[in-house]
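Have a look at the structure below, then the notes.
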Amino acid sequence: MRTLTPQEIIVALNSLGLTQTDIKERTGISQASLSRIYSGRNGDPRLSVVRALEKLYQDVTDKTKA
């Protein structure tokens, strides 16, 4: 199984019903950063941002599996 990119994680979270505002509130990542990642203008975000997105994605997908 391949690892999702930060952009793919945001798209997946959106498809699971989370808005960028929801993601911002649950991760602490700024709206501007999320927008840049989503649009592809920031292809190399900080590791802390990537980890926060991965953790939220894991939390959300674990809950949908339960």
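Chain labels A, B, ... are given in the sequence in which chains occur in the structure tokens; within each chain residues are numbered consecutively from 1, and ligands are likewise numbered from 1 in the order shown.
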Excluding Ala12 of chain A and any residue of its chain fewer than 3 positions from it, enumerate the residues within 12 Å of it, using only C-alpha atoms, and give them as an MDAnalysis selection string.
chainID A and resid 4:9 15:20 23 38 53:54 56:58 60:61
Based on DSSP run over this structure's backbone, return all residues of chain A in alpha helix (DSSP H), as a VMD selection string.
chain A and resid 6 to 15 20 to 27 31 to 39 47 to 65
Just write the chosen residues, C-alpha atoms, as a compact mmCIF listing (two decimals), in the first residue's frame.
# COMPACT_ATOMS: atom_id res chain seq x y z
CA PRO A 6 -0.57 15.61 1.86
CA GLN A 7 -2.70 16.82 -1.06
CA GLU A 8 -4.30 13.38 -1.40
CA ILE A 9 -5.01 13.28 2.34
CA ILE A 10 -6.86 16.60 2.16
CA VAL A 11 -8.87 15.39 -0.84
CA ALA A 12 -9.69 12.15 0.99
CA LEU A 13 -10.75 14.00 4.13
CA ASN A 14 -12.96 16.25 2.00
CA SER A 15 -14.57 13.17 0.44
CA GLN A 20 -10.89 22.72 5.13
CA THR A 21 -12.25 24.60 8.15
CA ASP A 22 -12.85 21.28 9.94
CA ILE A 23 -9.32 20.15 9.09
CA LYS A 24 -7.90 23.48 10.31
CA GLU A 25 -9.75 23.23 13.61
CA ARG A 26 -8.72 19.62 14.21
CA THR A 27 -5.05 19.96 13.20
CA GLN A 31 -6.34 27.77 6.23
CA ALA A 32 -3.71 29.35 3.96
CA SER A 33 -1.40 26.34 4.30
CA LEU A 34 -4.23 23.89 3.66
CA SER A 35 -5.27 25.85 0.58
CA ARG A 36 -1.71 25.87 -0.79
CA ILE A 37 -1.32 22.13 -0.23
CA TYR A 38 -4.75 21.39 -1.74
CA SER A 39 -4.04 23.47 -4.85
CA LEU A 47 6.98 17.52 8.48
CA SER A 48 4.80 18.67 11.39
CA VAL A 49 2.03 19.56 8.93
CA VAL A 50 2.32 16.21 7.18
CA ARG A 51 2.20 14.34 10.50
CA ALA A 52 -0.87 16.31 11.66
CA LEU A 53 -2.70 15.49 8.41
CA GLU A 54 -1.71 11.82 8.65
CA LYS A 55 -2.93 11.61 12.25
CA LEU A 56 -6.28 13.20 11.43
CA TYR A 57 -6.72 10.92 8.41
CA GLN A 58 -5.93 7.88 10.56
CA ASP A 59 -8.35 9.01 13.28
CA VAL A 60 -11.16 9.66 10.80
CA THR A 61 -10.69 6.44 8.85
CA ASP A 62 -10.46 4.38 12.05
CA LYS A 63 -13.82 5.80 13.16
CA THR A 64 -15.45 5.03 9.81
CA LYS A 65 -14.24 1.41 10.03
